[in-house]
$ cat final.txt   # compact mmCIF, C-alpha atoms
# COMPACT_ATOMS: atom_id res chain seq x y z
CA MET A 1 0.00 0.00 0.00
CA LYS A 2 1.12 3.55 -0.64
CA VAL A 3 1.60 6.24 2.00
CA THR A 4 2.83 9.81 1.62
CA VAL A 5 5.61 10.82 3.98
CA LYS A 6 6.46 14.46 4.73
CA TYR A 7 9.70 15.51 6.37
CA PHE A 8 10.18 18.73 8.36
CA GLY A 9 13.13 20.68 9.74
CA MET A 10 16.48 18.91 9.80
CA ILE A 11 14.81 15.58 8.97
CA ALA A 12 14.14 16.90 5.45
CA GLU A 13 17.89 17.56 5.17
CA SER A 14 18.80 14.05 6.33
CA ALA A 15 16.30 12.58 3.85
CA GLY A 16 17.31 14.96 1.06
CA ARG A 17 13.63 15.63 0.31
CA THR A 18 10.53 17.13 1.88
CA GLU A 19 8.08 14.53 0.67
CA GLU A 20 7.93 11.07 -0.88
CA VAL A 21 5.41 8.34 -1.61
CA LEU A 22 6.41 4.96 -0.15
CA ASP A 23 5.13 1.50 -0.87
CA VAL A 24 4.89 -0.21 2.51
CA VAL A 25 3.76 -3.65 3.60
CA SER A 26 0.11 -3.79 4.55
CA GLY A 27 -0.29 -3.65 8.33
CA THR A 28 2.79 -1.49 8.89
CA SER A 29 2.39 0.76 11.92
CA ALA A 30 3.43 4.42 12.05
CA ILE A 31 6.20 3.55 14.52
CA GLU A 32 7.54 0.80 12.25
CA LEU A 33 7.59 3.22 9.34
CA LYS A 34 9.51 5.69 11.52
CA ASP A 35 12.10 3.05 12.45
CA GLN A 36 12.59 2.16 8.78
CA GLN A 37 13.09 5.77 7.70
CA VAL A 38 15.38 6.53 10.65
CA GLN A 39 17.59 3.64 9.54
CA LYS A 40 17.42 4.50 5.86
CA TYR A 41 18.35 8.17 6.21
CA GLN A 42 20.45 7.96 9.41
CA ILE A 43 18.11 10.41 11.12
CA GLN A 44 19.54 11.77 14.39
CA ASP A 45 17.79 11.72 17.77
CA PRO A 46 14.82 9.57 16.67
CA GLU A 47 13.33 9.56 20.17
CA SER A 48 12.63 13.27 19.94
CA ILE A 49 10.81 12.99 16.60
CA GLN A 50 7.01 13.03 16.63
CA LEU A 51 4.76 11.63 13.91
CA ALA A 52 1.48 13.01 12.67
CA VAL A 53 -0.74 10.59 10.79
CA ASN A 54 -3.31 12.37 8.66
CA GLN A 55 -2.58 15.65 10.50
CA ASN A 56 -3.06 14.00 13.87
CA LEU A 57 -0.13 13.79 16.29
CA ASP A 58 -1.01 10.33 17.46
CA ASN A 59 1.48 7.79 16.24
CA LYS A 60 0.13 4.64 17.88
CA VAL A 61 -1.77 3.63 14.78
CA GLU A 62 -1.64 1.13 11.97
CA LEU A 63 -1.28 2.75 8.57
CA ASN A 64 -3.82 2.54 5.76
CA GLU A 65 -3.58 3.04 2.02
CA GLY A 66 -3.30 6.75 1.18
CA ASP A 67 -2.31 7.90 4.69
CA GLU A 68 -0.10 10.93 5.12
CA VAL A 69 2.64 10.68 7.73
CA ALA A 70 4.55 13.79 8.85
CA PHE A 71 7.95 13.50 10.60
CA LEU A 72 8.38 16.42 13.00
CA PRO A 73 11.58 17.24 14.85
CA PRO A 74 11.67 19.64 17.77
CA PHE A 75 13.58 22.82 16.98
CA ALA A 76 14.04 25.94 19.02
CA GLY A 77 15.33 28.81 16.88
CA GLY A 78 13.93 32.29 17.31
CA MET B 1 -8.75 58.08 17.13
CA ARG B 2 -5.91 55.61 17.65
CA TYR B 3 -7.80 52.28 17.68
CA ASP B 4 -10.57 53.24 15.26
CA ARG B 5 -9.57 50.75 12.55
CA GLN B 6 -9.69 47.73 14.82
CA ILE B 7 -12.70 48.85 16.87
CA LYS B 8 -14.64 48.82 13.58
CA LEU B 9 -14.24 45.04 13.49
CA ASP B 10 -17.09 43.01 14.98
CA GLU B 11 -14.52 40.91 16.89
CA VAL B 12 -13.13 43.98 18.66
CA GLY B 13 -15.59 46.83 19.16
CA VAL B 14 -15.43 49.17 22.12
CA SER B 15 -15.74 46.30 24.58
CA GLY B 16 -12.91 44.36 22.90
CA GLN B 17 -10.66 47.40 23.08
CA GLU B 18 -11.42 47.61 26.78
CA LYS B 19 -10.42 43.94 27.14
CA LEU B 20 -7.10 44.68 25.43
CA ARG B 21 -6.53 47.65 27.72
CA ASN B 22 -7.10 45.46 30.76
CA ALA B 23 -4.80 42.68 29.55
CA SER B 24 -1.13 42.05 30.30
CA VAL B 25 1.42 40.01 28.34
CA LEU B 26 4.99 38.99 29.14
CA ILE B 27 7.35 38.57 26.21
CA VAL B 28 10.27 36.25 27.03
CA GLY B 29 13.13 37.16 24.69
CA VAL B 30 13.03 40.35 22.66
CA GLY B 31 14.64 38.96 19.50
CA GLY B 32 13.42 37.85 16.08
CA LEU B 33 10.05 36.68 17.43
CA GLY B 34 9.70 39.05 20.37
CA CYS B 35 10.26 42.28 18.42
CA PRO B 36 7.38 41.95 15.94
CA ALA B 37 5.09 40.48 18.61
CA ALA B 38 5.81 43.45 20.89
CA GLN B 39 5.26 45.98 18.11
CA TYR B 40 1.82 44.66 17.20
CA LEU B 41 0.68 44.16 20.79
CA VAL B 42 1.72 47.69 21.70
CA GLY B 43 0.08 49.01 18.54
CA ALA B 44 -3.13 47.17 19.44
CA GLY B 45 -3.25 48.82 22.87
CA ILE B 46 -2.44 46.00 25.27
CA GLY B 47 -2.61 47.51 28.75
CA ARG B 48 0.67 46.25 30.12
CA LEU B 49 3.61 44.54 28.46
CA GLY B 50 6.58 42.91 30.17
CA LEU B 51 9.89 42.42 28.35
CA ILE B 52 12.48 40.04 29.72
CA ASP B 53 15.85 39.75 27.98
CA HIS B 54 19.41 39.78 29.30
CA ASP B 55 20.97 40.14 25.84
CA ARG B 56 22.44 43.17 24.10
CA VAL B 57 21.86 44.43 20.57
CA SER B 58 24.43 43.23 18.04
CA LEU B 59 24.89 44.06 14.37
CA SER B 60 23.73 40.63 13.19
CA ASN B 61 20.38 41.16 14.99
CA LEU B 62 19.38 44.12 12.84
CA HIS B 63 18.19 42.22 9.78
CA ARG B 64 15.29 40.72 11.70
CA GLN B 65 14.90 42.55 15.00
CA LEU B 66 13.46 45.74 13.61
CA LEU B 67 12.92 47.54 16.91
CA PHE B 68 16.68 48.12 17.01
CA THR B 69 18.83 50.53 15.02
CA GLU B 70 22.55 50.95 14.43
CA LYS B 71 22.64 53.46 17.29
CA ASP B 72 21.57 50.73 19.72
CA LEU B 73 24.52 48.34 19.23
CA GLY B 74 25.78 47.07 22.59
CA LYS B 75 22.74 48.34 24.49
CA SER B 76 20.24 46.25 26.47
CA LYS B 77 17.56 44.84 24.17
CA ALA B 78 14.81 45.13 26.76
CA VAL B 79 15.65 48.76 27.54
CA VAL B 80 15.95 49.83 23.89
CA ALA B 81 12.76 47.95 22.97
CA LYS B 82 10.84 49.70 25.71
CA SER B 83 11.89 53.16 24.55
CA ARG B 84 11.02 52.39 20.90
CA LEU B 85 7.68 50.83 21.86
CA GLN B 86 6.74 53.84 24.01
CA GLN B 87 7.27 56.01 20.93
CA ILE B 88 4.68 53.85 19.14
CA ASN B 89 2.21 53.93 22.03
CA SER B 90 2.83 55.87 25.22
CA GLU B 91 -0.45 54.61 26.72
CA VAL B 92 0.96 51.11 27.20
CA GLU B 93 2.67 50.38 30.49
CA ILE B 94 5.95 48.55 29.82
CA ASP B 95 8.00 46.64 32.42
CA VAL B 96 11.61 45.73 31.71
CA PHE B 97 13.55 42.80 33.19
CA GLU B 98 17.21 42.73 32.20
CA GLU B 99 17.86 39.21 33.43
CA PRO B 100 17.65 35.66 32.12
CA LEU B 101 14.47 33.73 32.80
CA SER B 102 15.35 31.07 35.35
CA ILE B 103 13.82 28.41 37.52
CA ASP B 104 14.07 30.90 40.39
CA ASN B 105 12.18 33.81 38.84
CA ALA B 106 9.81 32.24 36.27
CA GLU B 107 6.76 31.54 38.43
CA ASN B 108 6.82 34.85 40.30
CA LEU B 109 7.28 36.79 37.07
CA PHE B 110 4.55 34.92 35.20
CA GLN B 111 2.09 35.60 38.03
CA LEU B 112 2.17 39.28 37.06
CA TYR B 113 0.76 38.66 33.54
CA ASP B 114 -2.24 37.08 31.84
CA ILE B 115 -0.42 35.49 28.91
CA ILE B 116 3.22 34.52 28.27
CA LEU B 117 4.71 34.85 24.78
CA ASP B 118 7.76 32.74 23.97
CA GLY B 119 10.37 34.63 21.98
CA THR B 120 13.23 32.36 23.05
CA ASP B 121 15.71 30.39 20.99
CA ASN B 122 16.52 27.36 23.11
CA PHE B 123 14.83 24.21 24.44
CA GLU B 124 15.88 24.80 28.03
CA THR B 125 13.85 28.01 28.26
CA LYS B 126 10.88 26.64 26.29
CA TYR B 127 10.48 23.74 28.74
CA LEU B 128 10.97 26.16 31.62
CA ILE B 129 8.18 28.44 30.31
CA ASN B 130 5.98 25.38 29.80
CA ASP B 131 6.48 23.98 33.28
CA ALA B 132 6.07 27.32 35.05
CA CYS B 133 2.86 27.99 33.06
CA ILE B 134 1.45 24.60 34.08
CA LEU B 135 2.22 25.29 37.75
CA ILE B 136 0.58 28.73 37.85
CA GLU B 137 -2.07 27.93 35.22
CA LYS B 138 -1.27 30.51 32.53
CA PRO B 139 -1.45 30.05 28.77
CA TRP B 140 1.61 30.62 26.60
CA VAL B 141 2.15 31.18 22.90
CA TYR B 142 4.93 29.07 21.44
CA ALA B 143 6.92 29.58 18.26
CA SER B 144 10.14 28.06 16.96
CA ILE B 145 12.10 28.44 13.79
CA TYR B 146 14.44 26.23 11.80
CA LYS B 147 15.75 27.97 8.68
CA ASN B 148 12.64 28.67 6.56
CA GLU B 149 10.21 26.70 8.71
CA GLY B 150 8.24 27.68 11.75
CA GLN B 151 6.10 25.94 14.38
CA LEU B 152 3.34 27.77 16.24
CA SER B 153 0.95 26.73 18.99
CA VAL B 154 -0.82 27.89 22.16
CA PHE B 155 -0.15 25.72 25.18
CA ASN B 156 -1.83 25.30 28.53
CA PHE B 157 -4.89 27.27 27.39
CA GLN B 158 -8.23 26.27 28.95
CA ASP B 159 -6.97 22.83 30.00
CA GLY B 160 -5.41 22.20 26.58
CA PRO B 161 -2.19 20.33 25.77
CA SER B 162 1.28 21.53 26.83
CA TYR B 163 4.63 21.64 25.07
CA ARG B 164 5.56 18.35 26.77
CA CYS B 165 2.45 16.80 25.18
CA LEU B 166 3.89 17.73 21.78
CA PHE B 167 7.54 16.95 22.51
CA PRO B 168 7.91 14.79 25.63
CA LYS B 169 11.54 14.10 24.70
CA THR B 170 13.87 16.86 23.64
CA THR B 171 16.90 16.71 21.41
CA ARG B 172 20.51 17.66 21.86
CA GLN B 173 20.42 19.38 18.50
CA ASN B 174 19.69 22.91 19.66
CA ILE B 175 20.47 24.81 16.50
CA SER B 176 19.98 28.54 16.70
CA CYS B 177 19.13 30.98 13.91
CA GLU B 178 22.66 32.33 14.35
CA ALA B 179 24.04 28.92 13.44
CA THR B 180 21.68 27.91 10.61
CA GLY B 181 20.86 31.28 9.11
CA VAL B 182 17.37 32.69 8.76
CA LEU B 183 15.55 35.20 6.59
CA GLY B 184 14.42 38.14 8.69
CA VAL B 185 10.85 37.71 7.50
CA THR B 186 10.52 34.21 8.98
CA PRO B 187 10.61 35.18 12.67
CA GLY B 188 8.76 38.32 11.58
CA ILE B 189 5.87 36.20 10.32
CA LEU B 190 5.88 33.79 13.25
CA GLY B 191 6.20 36.55 15.87
CA THR B 192 3.32 38.42 14.25
CA MET B 193 1.23 35.22 14.31
CA GLN B 194 2.04 34.84 18.00
CA ALA B 195 0.70 38.36 18.59
CA ALA B 196 -2.45 37.37 16.68
CA GLU B 197 -2.96 34.38 19.01
CA VAL B 198 -2.62 36.70 22.02
CA LEU B 199 -5.24 39.06 20.59
CA LYS B 200 -7.61 36.15 19.83
CA MET B 201 -7.32 34.85 23.40
CA ILE B 202 -7.98 38.26 24.93
CA LEU B 203 -10.86 39.07 22.59
CA GLY B 204 -12.36 35.58 22.67
CA ALA B 205 -12.36 35.67 18.89
CA GLY B 206 -11.71 33.01 16.27
CA ASN B 207 -10.02 29.67 16.83
CA VAL B 208 -7.09 29.85 19.23
CA LEU B 209 -4.33 27.41 18.18
CA SER B 210 -4.71 25.39 21.36
CA GLY B 211 -4.37 21.67 20.70
CA LYS B 212 -3.10 22.56 17.24
CA LEU B 213 0.38 22.86 15.80
CA LYS B 214 0.68 25.18 12.85
CA LEU B 215 3.61 24.51 10.54
CA VAL B 216 4.68 27.35 8.29
CA ASN B 217 7.13 27.06 5.42
CA VAL B 218 8.01 30.48 4.13
CA LEU B 219 9.77 29.15 1.02
CA SER B 220 7.32 26.49 -0.17
CA GLY B 221 4.25 28.49 0.88
CA GLN B 222 2.74 25.26 2.22
CA ASP B 223 1.28 25.40 5.70
CA GLN B 224 -0.09 22.54 7.77
CA LEU B 225 -2.36 22.39 10.80
CA LEU B 226 -1.86 19.32 12.99
CA THR B 227 -3.87 18.18 16.00
CA ILE B 228 -1.96 17.71 19.28
CA SER B 229 -3.30 15.18 21.77
CA LYS B 230 -3.06 15.87 25.47
CA ARG B 231 -0.69 13.62 27.44
CA VAL B 232 -2.18 13.88 30.89
CA GLU B 233 0.77 12.06 32.48
CA GLU B 234 3.21 14.72 31.22
CA ILE B 235 1.16 17.51 32.78
CA GLU B 236 0.55 15.63 36.04
CA LYS B 237 4.30 14.99 36.37
CA ILE B 238 4.98 18.74 36.39
CA LYS B 239 2.11 19.42 38.80
CA ASN B 240 3.53 16.82 41.18
CA GLU B 241 7.26 17.39 40.80
CA GLY B 242 7.47 21.08 39.86
CA ILE B 243 9.66 22.48 37.10
CA ILE B 244 11.90 19.81 35.56
CA PRO B 245 15.04 21.54 34.26
CA VAL B 246 16.10 20.51 30.79
CA ARG B 247 19.84 20.39 30.50
CA ILE B 248 21.30 19.29 27.25
CA GLU B 249 24.67 17.69 27.82
CA CYS B 250 27.29 16.14 25.58
CA LYS B 251 30.76 14.61 25.67
CA ILE B 252 33.91 15.97 24.09
CA SER B 253 35.31 13.73 21.32
CA ASP B 254 39.01 14.14 22.12
CA GLU B 255 39.49 14.07 25.88
CA SER B 256 43.27 14.46 25.67
CA LYS B 257 43.10 18.10 24.58
CA LEU B 258 42.52 21.16 26.74
CA TYR B 259 39.55 23.31 25.79
CA LEU B 260 38.23 26.74 26.78
CA ASP B 261 34.44 27.16 26.52
CA ILE B 262 33.65 30.89 26.35
CA ARG B 263 29.89 30.44 25.96
CA GLU B 264 27.50 31.80 28.56
CA ILE B 265 26.24 29.21 31.05
CA PHE B 266 22.76 29.03 29.50
CA GLU B 267 24.08 28.05 26.06
CA GLN B 268 23.49 24.44 25.10
CA PRO B 269 24.67 21.76 24.81
CA ARG B 270 26.84 21.82 27.93
CA VAL B 271 30.05 19.85 27.72
CA ASN B 272 30.42 17.57 30.74
CA SER B 273 33.52 15.52 30.00
CA GLY B 274 37.19 15.93 29.15
CA LYS B 275 39.38 18.89 30.07
CA VAL B 276 37.20 21.95 29.53
CA LEU B 277 37.70 25.33 31.20
CA GLN B 278 34.37 27.11 31.31
CA ILE B 279 34.81 30.88 31.40
CA PRO B 280 31.88 32.78 29.84
CA LEU B 281 32.82 35.71 27.61
CA SER B 282 31.08 38.07 30.04
CA GLU B 283 33.55 37.06 32.79
CA LEU B 284 36.63 36.54 30.68
CA GLU B 285 38.33 39.86 31.40
CA ASP B 286 38.33 39.18 35.16
CA ARG B 287 39.42 35.55 34.88
CA LEU B 288 42.32 35.67 32.41
CA GLU B 289 44.74 34.23 34.97
CA GLU B 290 42.82 30.94 34.88
CA ILE B 291 43.89 30.33 31.28
CA PRO B 292 47.28 28.59 30.98
CA LYS B 293 49.86 30.09 28.62
CA GLN B 294 52.23 27.14 28.36
CA GLU B 295 50.06 24.51 26.69
CA GLU B 296 47.82 24.48 23.65
CA VAL B 297 44.23 25.55 24.41
CA LEU B 298 41.39 25.09 21.93
CA VAL B 299 38.85 27.90 22.31
CA PHE B 300 35.24 27.34 21.31
CA CYS B 301 31.84 28.98 21.32
CA GLN B 302 28.55 28.10 19.60
CA SER B 303 29.58 28.88 16.01
CA GLY B 304 33.28 29.76 16.06
CA LYS B 305 32.74 33.50 15.60
CA ARG B 306 33.02 34.77 19.17
CA SER B 307 35.87 32.38 19.92
CA LYS B 308 37.82 33.70 16.93
CA LYS B 309 37.52 37.23 18.27
CA VAL B 310 38.66 36.05 21.70
CA VAL B 311 41.68 34.19 20.29
CA ASP B 312 42.71 37.24 18.24
CA LEU B 313 42.19 39.66 21.10
CA LEU B 314 43.99 37.61 23.76
CA LYS B 315 46.92 37.15 21.42
CA ALA B 316 47.15 40.84 20.49
CA GLN B 317 46.61 42.32 23.93
CA PHE B 318 47.57 39.70 26.51
CA GLU B 319 50.30 37.68 24.77
CA PHE B 320 48.42 34.41 24.59
CA ASN B 321 50.20 32.63 21.73
CA ASN B 322 48.88 29.18 22.64
CA LEU B 323 45.22 29.62 21.73
CA ILE B 324 43.60 27.96 18.73
CA ASN B 325 40.10 28.76 17.53
CA VAL B 326 37.68 25.88 16.97
CA GLU B 327 36.14 26.79 13.65
CA GLY B 328 32.56 25.65 13.36
CA GLY B 329 31.95 25.82 17.11
CA VAL B 330 30.94 23.29 19.73
CA GLU B 331 29.18 20.88 17.36
CA THR B 332 32.50 20.02 15.68
CA ILE B 333 34.24 18.82 18.86
CA ILE B 334 31.55 16.77 20.57
CA ASP B 335 30.25 13.27 20.05
CA GLY B 336 27.20 13.35 17.85

$ encode --input "final.txt" --output "structure tokens"
Amino acid sequence: MKVTVKYFGMIAESAGRTEEVLDVVSGTSAIELKDQQVQKYQIQDPESIQLAVNQNLDNKVELNEGDEVAFLPPFAGG
Amino acid sequence: MRYDRQIKLDEVGVSGQEKLRNASVLIVGVGGLGCPAAQYLVGAGIGRLGLIDHDRVSLSNLHRQLLFTEKDLGKSKAVVAKSRLQQINSEVEIDVFEEPLSIDNAENLFQLYDIILDGTDNFETKYLINDACILIEKPWVYASIYKNEGQLSVFNFQDGPSYRCLFPKTTRQNISCEATGVLGVTPGILGTMQAAEVLKMILGAGNVLSGKLKLVNVLSGQDQLLTISKRVEEIEKIKNEGIIPVRIECKISDESKLYLDIREIFEQPRVNSGKVLQIPLSELEDRLEEIPKQEEVLVFCQSGKRSKKVVDLLKAQFEFNNLINVEGGVETIIDG
């Protein structure tokens, strides 16, 4: 199944893109997707990263076809 | 009259203007976010505004902190901001605090205001604002910037989520606008949006961004609005234990070398291993005798700019020929 992944802040730099469509195994959870992408792009400090699935910051969910998953890092500039 | 254009709006009116006049807001950090927020709040006729900032105006602030001019270089940001803001609106009462926000003063200071506006640039202070606001039950308006992106939310408003509900775990990667670079307009936009959230809360108008995280990308033009869930356990922890200080620590990569850290004590990450002399730039003149002259000392700051000045100055004026600047700053000498 296909999901759209959006990367923000320094994660977008690690991934070299701000968005991509991934083909993932049916039944993949948001957390599993995060682990895969963290490995793939060597994303730093994964524990601090929050996920939003379909604009909802609740990452304890199983993904469905067409879902949008945002990877959000904390940042503090001002 | 002064407020005619906003009183004409249904959301304001004469009664709304009265609400603004009776309201008070504390701005923590009068920088890229705090300057525009302060300008609009003062323009709108907020009754009382507090400004807390221990920093001084520097040349590299001027492209985004538009309350300051070339004449203000080296002066206290809070003091200069107050005088400029009083020129915009002398009816607003403005309090100035030329000190860092700390675990010791946060709660007492916040008690004096209705709403807290976060104009800071580090995680330590954002968590401090969050925890103090939970303890004394005040809402705060959050914004953060990374390059061309911004995050915006209102926390602890009417039993809504807190910053710890959004980010229960922080990161060591505290990268400031000084380090990454930023267009002046980006904090300008985010700081102005923070002021809008303050006005909405006071007026009871529109949808306050409580329980929402707004993501702004100035370059792509694409914004997102995400829903934040409340994590009751994070809020209860603060209510039970009080403010939990966030201290971002790291280890030095090469522990055989001697280092001099000239950053101020609030700058993160703190280095807690190896041989590191910690003498903040503000105390350096009085503590020169603590720096050895016989062995090689690697001097570092956040980005490598201040430390370069220090190395050059100590060599020229105090005959330190053993100092080497760490180009690229602290991030280049610590374990990632």

$ residues_around --input "final.txt" --residues "stretch 24-39 of chain A" --least-positions-apart "3" --cutoff "10 Å" --atoms "only C-alpha atoms" --output "PyMOL selection string"
chain A and resi 1-3+5+11+14-15+21+42-46+49-53+58-65+67+69-71

$ interface_residues --input "final.txt" --of "chain A" --to "chain B" --cutoff "8 Å" --atoms "all atoms listed in the file" --output "CSV table (one decimal) with C-alpha atoms, in the coordinates of the input"
chain,number,residue,atom,x,y,z
A,8,PHE,CA,10.2,18.7,8.4
A,9,GLY,CA,13.1,20.7,9.7
A,10,MET,CA,16.5,18.9,9.8
A,45,ASP,CA,17.8,11.7,17.8
A,47,GLU,CA,13.3,9.6,20.2
A,48,SER,CA,12.6,13.3,19.9
A,49,ILE,CA,10.8,13.0,16.6
A,50,GLN,CA,7.0,13.0,16.6
A,52,ALA,CA,1.5,13.0,12.7
A,55,GLN,CA,-2.6,15.6,10.5
A,56,ASN,CA,-3.1,14.0,13.9
A,57,LEU,CA,-0.1,13.8,16.3
A,58,ASP,CA,-1.0,10.3,17.5
A,74,PRO,CA,11.7,19.6,17.8
A,75,PHE,CA,13.6,22.8,17.0
A,76,ALA,CA,14.0,25.9,19.0
A,77,GLY,CA,15.3,28.8,16.9
A,78,GLY,CA,13.9,32.3,17.3

$ atom_distance --input "final.txt" --atom1 "atom CA of B:Glu264" --atom2 "atom CA of B:Ala195"
29.3 Å

$ atom_distance --input "final.txt" --atom1 "atom CA of B:Gln222" --atom2 "atom CA of B:Ile129"
28.8 Å

$ atom_distance --input "final.txt" --atom1 "atom CA of B:Glu11" --atom2 "atom CA of B:Phe157"
19.7 Å

$ residues_around --input "final.txt" --residues "B:Ile189" --least-positions-apart "3" --cutoff "9 Å" --atoms "only C-alpha atoms" --output "list in words"
Leu33, Pro36, Gly150, Gly184, Val185, Thr186, Thr192, Met193, Gln194 and Val218 of chain B

$ write_last_selection --input "final.txt" --atoms "C-alpha atoms" --output "tab-separated table (two decimals), keeping the file's coordinate frame"
chain	number	residue	atom	x	y	z
B	33	LEU	CA	10.05	36.68	17.43
B	36	PRO	CA	7.38	41.95	15.94
B	150	GLY	CA	8.24	27.68	11.75
B	184	GLY	CA	14.42	38.14	8.69
B	185	VAL	CA	10.85	37.71	7.50
B	186	THR	CA	10.52	34.21	8.98
B	192	THR	CA	3.32	38.42	14.25
B	193	MET	CA	1.23	35.22	14.31
B	194	GLN	CA	2.04	34.84	18.00
B	218	VAL	CA	8.01	30.48	4.13

$ closest_residue --input "final.txt" --among "B:Ala106, B:Leu298, B:Ile333, B:Leu67" --to "B:Leu135" --atoms "all atoms listed in the file"
B:Ala106

$ residues_around --input "final.txt" --residues "B:Leu199" --least-positions-apart "5" --cutoff "12 Å" --atoms "all atoms listed in the file" --output "JSON list (two decimals) with C-alpha atoms, in the coordinates of the input"
[["chain", "number", "residue", "atom", "x", "y", "z"],
["B", 6, "GLN", "CA", -9.69, 47.73, 14.82],
["B", 11, "GLU", "CA", -14.52, 40.91, 16.89],
["B", 12, "VAL", "CA", -13.13, 43.98, 18.66],
["B", 16, "GLY", "CA", -12.91, 44.36, 22.90],
["B", 17, "GLN", "CA", -10.66, 47.40, 23.08],
["B", 19, "LYS", "CA", -10.42, 43.94, 27.14],
["B", 20, "LEU", "CA", -7.10, 44.68, 25.43],
["B", 21, "ARG", "CA", -6.53, 47.65, 27.72],
["B", 23, "ALA", "CA", -4.80, 42.68, 29.55],
["B", 24, "SER", "CA", -1.13, 42.05, 30.30],
["B", 25, "VAL", "CA", 1.42, 40.01, 28.34],
["B", 37, "ALA", "CA", 5.09, 40.48, 18.61],
["B", 38, "ALA", "CA", 5.81, 43.45, 20.89],
["B", 40, "TYR", "CA", 1.82, 44.66, 17.20],
["B", 41, "LEU", "CA", 0.68, 44.16, 20.79],
["B", 42, "VAL", "CA", 1.72, 47.69, 21.70],
["B", 43, "GLY", "CA", 0.08, 49.01, 18.54],
["B", 44, "ALA", "CA", -3.13, 47.17, 19.44],
["B", 45, "GLY", "CA", -3.25, 48.82, 22.87],
["B", 46, "ILE", "CA", -2.44, 46.00, 25.27],
["B", 114, "ASP", "CA", -2.24, 37.08, 31.84],
["B", 115, "ILE", "CA", -0.42, 35.49, 28.91],
["B", 117, "LEU", "CA", 4.71, 34.85, 24.78],
["B", 141, "VAL", "CA", 2.15, 31.18, 22.90],
["B", 192, "THR", "CA", 3.32, 38.42, 14.25],
["B", 193, "MET", "CA", 1.23, 35.22, 14.31],
["B", 194, "GLN", "CA", 2.04, 34.84, 18.00],
["B", 204, "GLY", "CA", -12.36, 35.58, 22.67],
["B", 205, "ALA", "CA", -12.36, 35.67, 18.89],
["B", 206, "GLY", "CA", -11.71, 33.01, 16.27],
["B", 207, "ASN", "CA", -10.02, 29.67, 16.83],
["B", 208, "VAL", "CA", -7.09, 29.85, 19.23],
["B", 209, "LEU", "CA", -4.33, 27.41, 18.18]]

$ residues_around --input "final.txt" --residues "B:Leu258" --least-positions-apart "5" --cutoff "9 Å" --atoms "all atoms listed in the file" --output "list in words"
Gly274, Lys275, Val276, Leu277, Glu295, Glu296, Val297, Leu298 and Val299 of chain B

$ residues_around --input "final.txt" --residues "B:Ile243" --least-positions-apart "5" --cutoff "7 Å" --atoms "all atoms listed in the file" --output "number ranges by chain"
B: 128, 131-132, 238
